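Peer 1: Could you have a look at this structure, given as structure tokens, before my questions?
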Amino acid sequence: MHQPTLAPDLFSPAPESDAPPRGPSDPAIPALGELNWGDMYAQLNEEGVAVTPPLLSREQCQEIIGTFDEPGRFRSTVVMQRHHFGRGTYKYFADPAAVPLVRTLREKLYPPMAWMANQWAPQLGERTFPPTLDELIAECAENGQRRPTPLILNYGEGDYACLHQDVYGDIVFPLQIAVMLNQPGEDFTGGENVFVEQRPRFQSRAMVVKPQLGQGMIFPVRHRPVRGRNGYRRHPMRHGTNAVESGHRTVLGVIFHNAR
């Protein structure tokens, strides 16, 4: 489908400074304070996906994995093959704030990611977003989107995820992050992350991304702006997972808008 060219001078600039923010600091996850958000933003614009340095230690990853077998932690369990989403299981946290590491990642990563989203806003001809997660969650609630969306995805041998987007409602924060909780090559083989970018008037582009233990992947929920000859264009993106060949692969997905 043809995607319209978006002339950036037709829209008001984002209110945030063009200077990238400083990394958010937190004693529980010190790596957050070392993130170079200028580099993350440049990588996101260049490749469509930005891979962070390791954010979590193996012990912290195991702490999050351990919640998967605690049913009281979750509001919903999805067996993917029942819905033709692929094969595997994922669970949505009932209250992400009740899991300290998940709460910290969601709250601390939101402001710099909102800065990135708001740099994109005039290029896409879309709205800007508030500076804090609490403000976004309040806005979602007013729109009937009250169900938390952070989740754990668990894949065993032969499991995979079909290409998809995580939209969930009318209010869609345009970026999300997925954190690898296992070590590829040791805990599992296969299971590569696949991103497909639709390029107007061209063939789609597929990307395979292989984060290591504790690393995060920042990527668009629906689309990203790409500069063309006459302005910016929307490039829709979808993501999925290649089949796991052996072992178990577990990922934490941090989505910032809530679901209906």
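Chains: A, B, ... in order of the structure tokens. Residues: from 1 per chain. Ligands: from 1, in order shown.
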Quick check for you: according to DSSP on this backbone, which residues of region 18-239 of chain A are classed as strand (DSSP E)? Reply as number ranges by chain.
Peer 2: A: 50-51, 74-79, 86-87, 89-93, 151-155, 160-164, 175-180, 188-190, 193-197, 205-209, 216-220, 223-228, 231-239
Peer 1: Mind checking which residues fall within 10 Å of Val208 (chain A), counting only C-alpha atoms, ignoring those fewer than 2 positions away in the same chain, and posting them as a list in words?
Peer 2: Glu192, Asn193, Val194, Phe195, Val196, Ala206, Lys210, Pro211, His239, Gly240, Thr241 and Asn242 of chain A
Peer 1: Selection from above, C-alpha atoms, as a PDB file, in the first residue's frame, can you write it?
Peer 2:
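Wrote it out as selection38.pdb, contents follow:
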ATOM      1  CA  GLU A 192      16.790 -15.147  16.399  1.00  0.00           C
ATOM      2  CA  ASN A 193      14.794 -11.905  16.470  1.00  0.00           C
ATOM      3  CA  VAL A 194      13.421 -11.005  13.050  1.00  0.00           C
ATOM      4  CA  PHE A 195      12.260  -7.521  11.994  1.00  0.00           C
ATOM      5  CA  VAL A 196      10.659  -6.778   8.650  1.00  0.00           C
ATOM      6  CA  ALA A 206      14.353  -8.221   6.816  1.00  0.00           C
ATOM      7  CA  LYS A 210      21.012 -11.326  18.084  1.00  0.00           C
ATOM      8  CA  PRO A 211      21.194  -9.661  21.516  1.00  0.00           C
ATOM      9  CA  HIS A 239       8.691  -8.262  14.479  1.00  0.00           C
ATOM     10  CA  GLY A 240       8.794 -11.974  15.267  1.00  0.00           C
ATOM     11  CA  THR A 241      11.069 -14.797  16.370  1.00  0.00           C
ATOM     12  CA  ASN A 242      12.721 -17.577  14.377  1.00  0.00           C
TER      13      ASN A 242
END
Peer 1: For Asp39 (chain A), find every residue with an atom within 10 Å (counting only C-alpha atoms), except residues of its own chain fewer than 6 positions away, and show them as a list of chain:residue names.
Peer 2: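 Residues meeting the cut-off are A:Pro20, A:Asn45, A:Ala50, A:Thr52.
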Peer 1: Let me see the file: selected residues, C-alpha atoms, as a PDB file, in the first residue's frame.
Peer 2:
ATOM      1  CA  PRO A  20      19.664  13.760  23.934  1.00  0.00           C
ATOM      2  CA  ASN A  45      17.298   5.939  12.802  1.00  0.00           C
ATOM      3  CA  ALA A  50      18.819  -0.149  18.548  1.00  0.00           C
ATOM      4  CA  THR A  52      21.644  -1.561  24.196  1.00  0.00           C
TER       5      THR A  52
END
Peer 1: Check the smallest atom-to-atom distance from each of A:Gln176, A:Thr77, A:Gln145, A:Asn258 to Ala117 (chain A) using only C-alpha atoms, then report the winner.
Peer 2: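 Counting only C-alpha atoms, the residue closest to Ala117 (chain A) is A:Gln176.
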